[in-house]
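K.L.:
Structure: input16.cif, mmCIF, C-alpha atoms and all ligand atoms.
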data_start
#
loop_
_atom_site.label_atom_id
_atom_site.label_comp_id
_atom_site.auth_asym_id
_atom_site.auth_seq_id
_atom_site.Cartn_x
_atom_site.Cartn_y
_atom_site.Cartn_z
CA MET A 1 5.75 -16.92 7.18
CA LYS A 2 4.19 -18.78 4.28
CA ILE A 3 1.08 -20.89 3.90
CA THR A 4 2.30 -24.32 2.79
CA ARG A 5 -0.84 -26.43 3.12
CA ILE A 6 -4.60 -26.02 3.30
CA ALA A 7 -6.75 -29.01 4.18
CA ALA A 8 -10.44 -29.39 4.97
CA TYR A 9 -12.13 -32.08 7.03
CA GLY A 10 -15.77 -33.04 7.49
CA LEU A 11 -17.42 -33.91 10.79
CA GLU A 12 -21.06 -34.64 11.62
CA LEU A 13 -22.30 -32.99 14.81
CA PRO A 14 -25.46 -34.71 16.12
CA PHE A 15 -27.64 -32.68 18.53
CA LYS A 16 -27.56 -34.03 22.09
CA GLU A 17 -31.31 -33.52 22.29
CA GLY A 18 -31.85 -35.58 19.12
CA SER A 19 -33.14 -32.71 17.00
CA TYR A 20 -33.49 -28.95 16.83
CA ARG A 21 -36.35 -27.03 15.30
CA CYS A 22 -36.67 -23.42 14.24
CA ARG A 23 -38.44 -21.59 11.41
CA ASN A 24 -40.71 -24.65 11.22
CA ARG A 25 -37.93 -27.01 10.12
CA THR A 26 -36.23 -29.81 12.04
CA GLU A 27 -32.58 -30.91 11.81
CA THR A 28 -30.91 -33.79 13.67
CA GLY A 29 -27.45 -32.23 13.61
CA GLN A 30 -25.05 -29.97 11.77
CA THR A 31 -22.46 -30.82 9.12
CA SER A 32 -19.20 -29.18 10.12
CA THR A 33 -16.36 -28.30 7.76
CA ILE A 34 -13.03 -27.73 9.50
CA VAL A 35 -10.12 -25.95 7.79
CA GLU A 36 -6.46 -26.43 8.72
CA ILE A 37 -3.85 -24.00 7.39
CA GLY A 38 -0.25 -25.17 7.73
CA THR A 39 2.82 -22.90 7.49
CA ASP A 40 6.57 -23.12 6.94
CA ALA A 41 6.96 -21.86 10.54
CA GLY A 42 5.44 -25.05 11.90
CA LEU A 43 2.29 -23.27 13.13
CA ALA A 44 -1.17 -24.48 12.13
CA GLY A 45 -4.35 -22.38 12.17
CA TRP A 46 -7.87 -23.78 12.42
CA GLY A 47 -11.32 -22.59 11.43
CA GLU A 48 -14.81 -24.08 11.27
CA ILE A 49 -18.24 -23.50 9.79
CA ALA A 50 -21.26 -25.71 10.52
CA PRO A 51 -24.47 -24.54 8.86
CA LEU A 52 -27.90 -25.62 10.12
CA GLY A 53 -29.17 -27.55 7.10
CA ALA A 54 -29.55 -25.38 4.02
CA PHE A 55 -32.56 -23.33 5.16
CA TYR A 56 -31.16 -21.29 8.02
CA SER A 57 -28.64 -19.09 6.22
CA GLU A 58 -26.94 -18.78 2.84
CA ALA A 59 -24.43 -21.36 4.09
CA PHE A 60 -24.75 -25.06 3.38
CA ALA A 61 -22.07 -27.72 3.75
CA GLY A 62 -21.91 -28.81 0.10
CA GLY A 63 -21.46 -25.23 -1.06
CA VAL A 64 -18.75 -24.53 1.51
CA ARG A 65 -16.76 -27.60 0.50
CA ALA A 66 -17.00 -26.88 -3.24
CA GLY A 67 -15.96 -23.27 -2.62
CA LEU A 68 -12.93 -24.21 -0.52
CA GLY A 69 -11.51 -26.06 -3.51
CA VAL A 70 -11.62 -22.77 -5.44
CA LEU A 71 -10.16 -20.54 -2.73
CA ALA A 72 -7.43 -22.72 -1.20
CA PRO A 73 -5.01 -22.62 -4.19
CA GLU A 74 -5.25 -18.79 -4.22
CA LEU A 75 -3.78 -18.59 -0.72
CA LEU A 76 -0.86 -21.02 -0.88
CA GLY A 77 2.53 -19.31 -0.57
CA ARG A 78 1.06 -16.15 1.00
CA ASP A 79 1.75 -14.77 4.48
CA PRO A 80 -1.17 -15.82 6.74
CA ARG A 81 -0.61 -12.84 9.06
CA GLU A 82 -1.80 -10.46 6.31
CA VAL A 83 -5.42 -11.07 7.26
CA GLN A 84 -6.87 -7.96 5.61
CA ARG A 85 -4.96 -8.48 2.36
CA LEU A 86 -5.96 -12.12 2.20
CA ALA A 87 -9.62 -11.19 2.71
CA ARG A 88 -9.26 -9.08 -0.45
CA VAL A 89 -7.46 -11.92 -2.25
CA MET A 90 -10.45 -14.17 -1.45
CA ASP A 91 -12.89 -11.47 -2.62
CA ALA A 92 -11.00 -11.11 -5.91
CA ALA A 93 -11.15 -14.87 -6.47
CA MET A 94 -14.76 -15.38 -5.39
CA TYR A 95 -17.73 -13.01 -5.35
CA GLY A 96 -19.70 -13.13 -2.11
CA GLN A 97 -19.97 -16.67 -0.65
CA MET A 98 -19.12 -15.45 2.84
CA ASP A 99 -19.74 -18.90 4.30
CA VAL A 100 -16.87 -20.37 2.23
CA LYS A 101 -14.44 -17.62 3.32
CA THR A 102 -15.35 -17.96 7.00
CA PRO A 103 -13.37 -21.05 8.11
CA ILE A 104 -10.31 -19.82 6.16
CA ASP A 105 -10.48 -16.34 7.70
CA ILE A 106 -10.88 -17.79 11.22
CA ALA A 107 -7.83 -20.03 10.63
CA LEU A 108 -5.83 -17.00 9.40
CA TRP A 109 -6.71 -15.09 12.58
CA ASP A 110 -5.74 -18.13 14.65
CA LEU A 111 -2.32 -18.00 12.94
CA PHE A 112 -2.03 -14.21 13.24
CA ALA A 113 -2.69 -14.36 16.98
CA GLN A 114 -0.37 -17.34 17.49
CA ALA A 115 2.39 -15.51 15.62
CA ALA A 116 1.82 -12.50 17.87
CA GLY A 117 1.89 -14.76 20.94
CA LEU A 118 -1.56 -13.53 21.99
CA PRO A 119 -4.95 -15.14 22.58
CA LEU A 120 -7.33 -14.03 19.83
CA ALA A 121 -9.34 -11.76 22.18
CA GLU A 122 -6.15 -9.83 22.98
CA ALA A 123 -5.07 -9.79 19.32
CA LEU A 124 -8.46 -8.22 18.52
CA GLY A 125 -7.73 -5.33 20.88
CA GLY A 126 -8.27 -6.65 24.38
CA ARG A 127 -10.53 -8.76 26.54
CA ASP A 128 -13.29 -6.91 28.43
CA GLY A 129 -14.11 -9.09 31.41
CA HIS A 130 -13.53 -12.81 31.89
CA ALA A 131 -16.79 -14.36 30.74
CA VAL A 132 -19.61 -13.68 28.33
CA ALA A 133 -23.22 -14.48 29.31
CA LEU A 134 -24.85 -17.30 27.38
CA TYR A 135 -28.33 -17.71 26.05
CA ARG A 136 -29.83 -21.09 25.33
CA SER A 137 -32.40 -21.64 22.61
CA VAL A 138 -35.60 -23.49 23.44
CA SER A 139 -36.20 -25.54 20.30
CA GLN A 140 -39.65 -25.03 18.77
CA ASP A 141 -42.11 -27.73 19.85
CA ARG A 142 -45.47 -28.09 21.56
CA PRO A 143 -45.78 -25.55 24.40
CA GLU A 144 -45.62 -28.21 27.15
CA VAL A 145 -42.49 -29.75 25.60
CA MET A 146 -40.84 -26.32 25.39
CA GLU A 147 -41.64 -25.75 29.05
CA ARG A 148 -39.78 -28.96 29.94
CA THR A 149 -36.85 -28.00 27.68
CA ALA A 150 -36.65 -24.58 29.30
CA ARG A 151 -36.67 -26.13 32.77
CA ARG A 152 -33.71 -28.32 31.77
CA HIS A 153 -31.73 -25.33 30.47
CA LEU A 154 -32.46 -23.36 33.66
CA ASP A 155 -31.33 -26.36 35.74
CA ASP A 156 -28.10 -26.34 33.71
CA GLY A 157 -27.44 -22.76 34.82
CA TYR A 158 -28.53 -20.75 31.78
CA ARG A 159 -30.18 -17.46 32.76
CA ARG A 160 -31.04 -16.23 29.28
CA LEU A 161 -33.53 -18.17 27.19
CA GLN A 162 -34.36 -17.68 23.54
CA VAL A 163 -37.82 -19.06 22.85
CA LYS A 164 -38.17 -20.16 19.23
CA VAL A 165 -41.43 -18.75 17.87
CA GLY A 166 -42.38 -17.84 14.28
CA ASP A 167 -45.29 -20.29 14.09
CA ASP A 168 -49.01 -19.65 14.77
CA PRO A 169 -48.82 -16.46 16.86
CA LEU A 170 -51.37 -17.60 19.45
CA VAL A 171 -49.59 -20.95 19.98
CA ASP A 172 -46.34 -18.97 20.14
CA ALA A 173 -47.89 -16.78 22.85
CA GLU A 174 -48.68 -19.93 24.85
CA ARG A 175 -45.07 -21.12 24.35
CA LEU A 176 -43.77 -17.85 25.80
CA GLU A 177 -46.30 -17.82 28.67
CA ARG A 178 -45.27 -21.32 29.78
CA VAL A 179 -41.57 -20.56 29.67
CA ALA A 180 -42.04 -17.15 31.34
CA ALA A 181 -44.06 -18.72 34.17
CA LEU A 182 -41.16 -20.90 35.26
CA ALA A 183 -38.30 -18.54 34.34
CA GLY A 184 -38.61 -15.98 37.14
CA PRO A 185 -37.51 -12.35 37.13
CA ASP A 186 -33.74 -13.05 36.95
CA VAL A 187 -34.07 -14.79 33.58
CA ALA A 188 -33.91 -12.73 30.37
CA LEU A 189 -36.32 -13.90 27.69
CA TYR A 190 -35.91 -13.47 23.96
CA CYS A 191 -38.58 -14.44 21.45
CA ASP A 192 -36.86 -15.29 18.18
CA ALA A 193 -39.05 -15.91 15.15
CA ASN A 194 -36.04 -16.25 12.80
CA GLY A 195 -38.12 -14.33 10.26
CA GLY A 196 -40.91 -16.91 10.34
CA TRP A 197 -43.84 -14.51 10.79
CA THR A 198 -45.68 -12.08 8.57
CA SER A 199 -45.96 -8.62 10.13
CA GLN A 200 -49.59 -9.44 10.84
CA ASP A 201 -48.54 -12.55 12.82
CA ALA A 202 -46.01 -10.49 14.75
CA LEU A 203 -48.56 -7.84 15.67
CA ARG A 204 -50.98 -10.51 16.88
CA PHE A 205 -48.20 -12.05 19.00
CA LEU A 206 -47.31 -8.67 20.50
CA ASP A 207 -50.96 -8.09 21.37
CA ALA A 208 -51.36 -11.56 22.93
CA THR A 209 -48.24 -11.16 25.13
CA ARG A 210 -48.78 -7.61 26.38
CA GLY A 211 -48.17 -8.45 30.05
CA LEU A 212 -44.86 -10.26 29.55
CA ASP A 213 -41.32 -8.90 29.60
CA TYR A 214 -39.17 -10.04 26.68
CA VAL A 215 -37.06 -8.89 23.75
CA LEU A 216 -38.43 -9.49 20.25
CA GLU A 217 -35.96 -10.87 17.70
CA GLN A 218 -36.28 -10.90 13.91
CA PRO A 219 -40.05 -11.35 13.60
CA CYS A 220 -40.11 -11.31 9.77
CA LEU A 221 -37.58 -12.05 7.03
CA ALA A 222 -38.01 -8.96 4.84
CA TYR A 223 -36.39 -5.83 6.25
CA GLU A 224 -39.34 -3.55 5.44
CA GLU A 225 -41.75 -5.93 7.12
CA ASN A 226 -39.62 -5.87 10.29
CA LEU A 227 -39.64 -2.09 10.13
CA ARG A 228 -43.45 -2.07 10.20
CA VAL A 229 -43.43 -4.29 13.28
CA ARG A 230 -40.68 -2.24 14.91
CA ARG A 231 -42.72 0.93 14.55
CA ALA A 232 -45.68 -0.68 16.33
CA CYS A 233 -43.57 -2.41 18.99
CA ALA A 234 -42.78 -0.96 22.41
CA ARG A 235 -40.36 -3.77 23.29
CA PRO A 236 -36.63 -3.94 22.76
CA PHE A 237 -36.08 -5.19 19.23
CA VAL A 238 -33.19 -7.21 17.78
CA LEU A 239 -32.35 -7.89 14.14
CA ASP A 240 -30.31 -10.99 13.32
CA GLU A 241 -31.00 -12.35 9.82
CA SER A 242 -31.40 -8.75 8.56
CA CYS A 243 -27.91 -7.84 9.80
CA ASP A 244 -26.00 -9.51 6.99
CA SER A 245 -23.67 -6.79 5.63
CA LEU A 246 -22.18 -3.43 6.51
CA ASP A 247 -24.73 -1.82 4.17
CA ALA A 248 -27.55 -3.49 6.08
CA LEU A 249 -26.10 -2.32 9.38
CA VAL A 250 -25.80 1.27 8.16
CA ARG A 251 -29.44 1.13 7.13
CA ILE A 252 -30.53 -0.36 10.48
CA ARG A 253 -28.73 2.49 12.20
CA ALA A 254 -30.20 5.18 9.94
CA ASP A 255 -33.76 3.84 10.30
CA GLY A 256 -33.51 3.24 14.05
CA ALA A 257 -34.70 -0.25 13.09
CA ALA A 258 -33.37 -2.08 16.16
CA ASP A 259 -31.94 -1.74 19.66
CA GLY A 260 -29.57 -4.61 19.08
CA VAL A 261 -28.10 -6.70 16.29
CA THR A 262 -26.63 -10.16 15.97
CA VAL A 263 -23.36 -10.35 14.07
CA LYS A 264 -22.96 -13.91 12.84
CA ILE A 265 -19.32 -14.46 11.91
CA SER A 266 -20.18 -16.56 8.85
CA ARG A 267 -22.48 -13.90 7.36
CA PHE A 268 -19.44 -11.61 7.21
CA GLY A 269 -16.89 -14.10 5.85
CA GLY A 270 -15.01 -14.52 9.12
CA VAL A 271 -13.41 -12.45 11.85
CA THR A 272 -12.01 -9.69 9.58
CA ARG A 273 -15.37 -8.29 8.53
CA ALA A 274 -17.45 -9.50 11.49
CA ARG A 275 -15.16 -7.39 13.64
CA ARG A 276 -15.76 -4.36 11.38
CA ALA A 277 -19.55 -4.84 11.69
CA ARG A 278 -19.31 -5.40 15.44
CA ASP A 279 -17.33 -2.18 15.90
CA LEU A 280 -19.74 -0.18 13.74
CA ALA A 281 -22.68 -1.55 15.74
CA VAL A 282 -20.98 -0.65 19.03
CA ASP A 283 -20.18 2.87 17.78
CA SER A 284 -23.79 3.19 16.60
CA GLY A 285 -25.05 2.64 20.14
CA LEU A 286 -26.51 -0.78 19.43
CA MET A 287 -26.34 -3.85 21.66
CA VAL A 288 -24.39 -6.64 19.96
CA THR A 289 -24.41 -10.41 20.01
CA VAL A 290 -21.45 -12.01 18.24
CA GLU A 291 -22.03 -15.63 17.29
CA CYS A 292 -22.17 -17.90 14.25
CA VAL A 293 -24.54 -20.37 12.56
CA GLY A 294 -23.28 -23.25 14.69
CA GLY A 295 -20.25 -25.48 15.09
CA ALA A 296 -18.37 -27.19 17.89
CA GLU A 297 -15.33 -26.13 19.96
CA ILE A 298 -13.34 -24.48 17.13
CA ALA A 299 -16.26 -22.22 16.17
CA SER A 300 -17.20 -21.62 19.82
CA SER A 301 -13.66 -20.48 20.57
CA ALA A 302 -13.80 -17.87 17.79
CA ILE A 303 -17.21 -16.77 19.12
CA ALA A 304 -15.90 -16.53 22.70
CA HIS A 305 -12.82 -14.49 21.72
CA MET A 306 -14.80 -12.09 19.54
CA SER A 307 -17.50 -11.70 22.20
CA LEU A 308 -14.99 -10.95 24.94
CA SER A 309 -13.22 -8.36 22.79
CA THR A 310 -16.58 -6.53 22.49
CA PRO A 311 -17.12 -3.76 25.09
CA ALA A 312 -19.00 -5.36 27.99
CA GLU A 313 -21.60 -2.59 28.17
CA ARG A 314 -22.63 -3.28 24.56
CA ARG A 315 -22.39 -7.07 24.71
CA THR A 316 -25.76 -8.81 24.96
CA HIS A 317 -24.81 -12.48 25.25
CA THR A 318 -23.66 -15.32 23.03
CA VAL A 319 -24.11 -19.04 22.57
CA ASP A 320 -22.08 -22.19 23.44
CA PHE A 321 -22.99 -24.25 20.39
CA HIS A 322 -20.33 -26.87 21.27
CA ASN A 323 -22.49 -27.90 24.24
CA TRP A 324 -25.42 -28.59 21.92
CA PHE A 325 -23.67 -31.55 20.24
CA SER A 326 -22.67 -35.06 21.30
CA VAL A 327 -19.35 -34.80 19.39
CA SER A 328 -16.37 -32.52 20.16
CA ASN A 329 -13.87 -31.33 17.57
CA ALA A 330 -11.21 -29.82 19.85
CA ALA A 331 -9.79 -30.04 23.35
CA GLY A 332 -8.58 -27.10 25.39
CA PHE A 333 -11.81 -25.18 25.33
CA PRO A 334 -12.43 -23.85 28.83
CA ASP A 335 -15.46 -24.50 30.89
CA VAL A 336 -18.88 -23.02 30.63
CA ARG A 337 -20.04 -22.20 34.16
CA ASP A 338 -22.99 -20.38 35.70
CA GLY A 339 -24.48 -19.59 32.32
CA ALA A 340 -21.33 -17.87 31.03
CA MET A 341 -18.46 -18.80 28.70
CA ARG A 342 -14.76 -18.00 29.05
CA ALA A 343 -12.34 -17.79 26.11
CA PRO A 344 -9.07 -19.76 26.11
CA THR A 345 -5.95 -17.98 27.35
CA ALA A 346 -3.44 -19.80 25.11
CA ALA A 347 -2.24 -17.99 21.96
CA GLY A 348 -4.57 -17.96 18.94
CA LEU A 349 -7.94 -19.66 19.26
CA GLY A 350 -6.35 -21.69 22.03
CA VAL A 351 -7.91 -25.02 21.09
CA VAL A 352 -6.31 -28.35 20.24
CA PRO A 353 -8.24 -29.96 17.36
CA LEU A 354 -9.00 -33.67 17.80
CA LYS A 355 -7.67 -34.48 14.35
CA GLU A 356 -7.91 -38.24 14.83
CA ARG A 357 -11.71 -37.89 14.81
CA PHE A 358 -11.85 -36.12 11.46
CA GLY A 359 -10.72 -38.93 9.16
CA PRO A 360 -8.83 -38.21 5.95
CA PRO A 361 -9.14 -34.68 4.52
CA ILE A 362 -11.98 -34.07 2.06
CA LEU A 363 -9.60 -31.79 0.21
CA ALA A 364 -5.93 -30.83 0.65
CA PHE A 365 -3.63 -28.47 -1.26
CA ASP A 366 0.12 -28.27 -0.73
CA LEU A 367 2.52 -25.58 -1.89
CA GLY A 368 4.36 -26.87 -4.94
CA GLY A 369 2.46 -30.12 -4.80
CA HIS A 370 -0.83 -31.44 -5.98
CA GLY A 371 -4.19 -30.86 -4.46
CA GLY A 372 -7.79 -31.56 -4.88
MG MG B 1 -31.66 -15.11 16.06
#
What does this structure look like when you write it as C-alpha cells?
Ligand SMILES: [Mg+2]

P.N.:
Amino acid sequence: MKITRIAAYGLELPFKEGSYRCRNRTETGQTSTIVEIGTDAGLAGWGEIAPLGAFYSEAFAGGVRAGLGVLAPELLGRDPREVQRLARVMDAAMYGQMDVKTPIDIALWDLFAQAAGLPLAEALGGRDGHAVALYRSVSQDRPEVMERTARRHLDDGYRRLQVKVGDDPLVDAERLERVAALAGPDVALYCDANGGWTSQDALRFLDATRGLDYVLEQPCLAYEENLRVRRACARPFVLDESCDSLDALVRIRADGAADGVTVKISRFGGVTRARRARDLAVDSGLMVTVECVGGAEIASSAIAHMSLSTPAERRTHTVDFHNWFSVSNAAGFPDVRDGAMRAPTAAGLGVVPLKERFGPPILAFDLGGHGG
C-alpha cells in the first residue's frame, strides 16, 4: 500500500459554553487541523490536532499548518502501515515539533488498523473493558459561577470533576469548597492548576483545603518546583504538563514525583510514541490518563481507543472534548453515557469525517503531482 495523497483541512471549534478559561487565560474555541491520508488501496486515514490557543502547550494552529507543508512531501509514496518507520522518517525531516507530527501519525494508525481489519483499540493490543470514565473540567471563573458549572456537569452524568485552579490560592480554595459541597462522596475531584501556581501558592492551597478529598494536578510549571510541593503533599499527585517526553517520564518514576501522569497524544507526536509512554507509565506502577490538547470527534476517537487499550486497573479517566464544542467533525462516534465513553467498533478510528464541513484543503500534496 502506498500513500498517494496528503491533505489538511481547517475547522473552527467554538466552545458550547461560549468560552473556556484555564491558567488565567480565556479562549472562545479551538482551531482544529484535520489531516487526510489517501492510499492506492482506496483507504483513507484521518488525524486531528486542535490546540487551545498558543499558551496551553507547544502546539499552535499556525505552527502545525506550516509544519505539515514540510512533512507531507516526505511521506508520499511510502507504505502507511509502517508506522514506526514513518515516525523516524518524520523525525529525520523535522526536529521535535511533536504537534505537527501528531495528526499524521494518528492518520497512519487509522490506516494501519483499517488494513488489519481491526478497531484501533484492538490493533494496539486489545480493549480492556467497554467504556472509559470521563472527567469534565470546570472552567476557571468566580467561585459561584464554577459551582453552577459543576452542577450542570453533574446533571449531565459526569462523576469526575477537574476544578481549574492556579489562581489566588485562597480564592481557589473557595472554588474547590463550593464544588466539593455539591459533588457528594461518589464524585472524584481533581484540582488542576495547569502549572499556574508558585510552590508557595500550592502550599497555601494545600493548607487551606486540609479537610477536603481531592487529587492535586500539576501545581507548578517547573519540574523542580512541583517536586518541592510533592514532598510536602499528602494527597495523590498527578503530573500532566511535566510529562512531555520519555526522559521526563523516566525522571518522574526515579524521583517518585507523582502517583499518576497524563499522556497527551500531541506531546508525543501521535499514537506511536504516546503508546510507548503509556506502557512505560503502566509498567512503572503509575496511574495513567491518555488524552490530547483538544479536538472534536476524530481526536476523541483516538483518545477513546488509546484509553481503552490501557489496562483498566491503571486507567484513571479521560475526556470527551468533542462534547465541549458546538461543531462536529465526524459521524460514527459512539455515545457518551453515564459519564463514560466507548470507542468505535468499526476498523481503524471508526469515524466518518464530515468532509463537506471542512471546505477546500488548506494544503494538499499528491504523489507525482503538485502540492502546496
Ligand atoms: Mg491537566

K.L.:
Once you count all atoms listed in the file, which residues end up within 6 Å of ligand MG 1 (chain B), and could you hand them over as a list in words?

P.N.:
Asp192, Asn194 and Asp240 of chain A

K.L.:
List as JSON, numbers by chain the protein and nucleic acid residues near Glu241 of chain A, meaning an atom at most 10 Å away when all atoms listed in the file are counted, but skip any in the same chain fewer than 6 places from it.

P.N.:
{"A": [56, 57, 194, 195, 217, 218, 219, 220, 221, 222, 223, 261, 262, 263, 264, 267]}

K.L.:
Ranking A:Ser32, A:Leu76, A:Gly47, A:Leu118 by minimum distance to Ile6 of chain A and counting only C-alpha atoms, which one comes first?

P.N.:
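Among A:Ser32, A:Leu76, A:Gly47, A:Leu118, it is A:Leu76 that comes nearest to Ile6 of chain A.
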
K.L.:
One decimal, in Å: what's the spacing between atom CA of Arg357 of chain A and atom CA of Ala72 of chain A?

P.N.:
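One can read the atom CA of Arg357 of chain A to atom CA of Ala72 of chain A distance as 22.5 Å.
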
K.L.:
Could you check how far atom CA of Ala181 of chain A sits from atom CA of Arg228 of chain A, in Å to one decimal?

P.N.:
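About the pair atom CA of Ala181 of chain A and atom CA of Arg228 of chain A: they are 29.2 Å apart.
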
K.L.:
In terms of the shortest atom-to-atom distance over all atoms listed in the file, which of A:Ser199, A:Ala121, A:Val132, A:Pro344 is closest to Val288 of chain A?

P.N.:
A:Val132

K.L.:
Using atom CA of Pro119 of chain A and atom CA of Thr345 of chain A as the two end points, give the distance in Å to one decimal.

P.N.:
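If I compute the distance from atom CA of Pro119 of chain A to atom CA of Thr345 of chain A, I get 5.6 Å.
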
K.L.:
What's the 12 Å shell around Ile303 of chain A, counting only C-alpha atoms, without same-chain residues fewer than 5 positions away, as a ChimeraX atom specification?

P.N.:
/A:47-49,106,120-121,131-132,134,262-266,270-271,274-275,289-298,308-310,317-322,333,341-344,349

K.L.:
Write out as a list in words which residues come within 12 Å of Glu224 of chain A when counting all atoms listed in the file, dropping same-chain ones fewer than 6 positions away.

P.N.:
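The neighbour list is Gly195, Thr198, Ser199, Gln218, Arg230, Arg231, Leu239, Ser242, Ala248, Arg251, Ile252, Asp255 and Ala257 of chain A.
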
K.L.:
For Arg142 of chain A, which of A:Arg78, A:Arg178, A:Arg235, A:Arg159 is the closest residue, counting only C-alpha atoms?

P.N.:
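Looking at the shortest contact to Arg142 of chain A, the residue is A:Arg178.
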
K.L.:
Which residue, A:Gly269, A:Gly42, A:Gly196, A:Pro14, has the smallest gap to Met98 of chain A when you use all atoms listed in the file?

P.N.:
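That would be A:Gly269, the residue with the smallest distance to Met98 of chain A.
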
K.L.:
Of the candidates A:Phe112, A:Gly77, A:Gly67, A:Ala193, which one gets nearest to Met94 of chain A if we count all atoms listed in the file?

P.N.:
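The shortest atom-to-atom distance to Met94 of chain A comes from A:Gly67.
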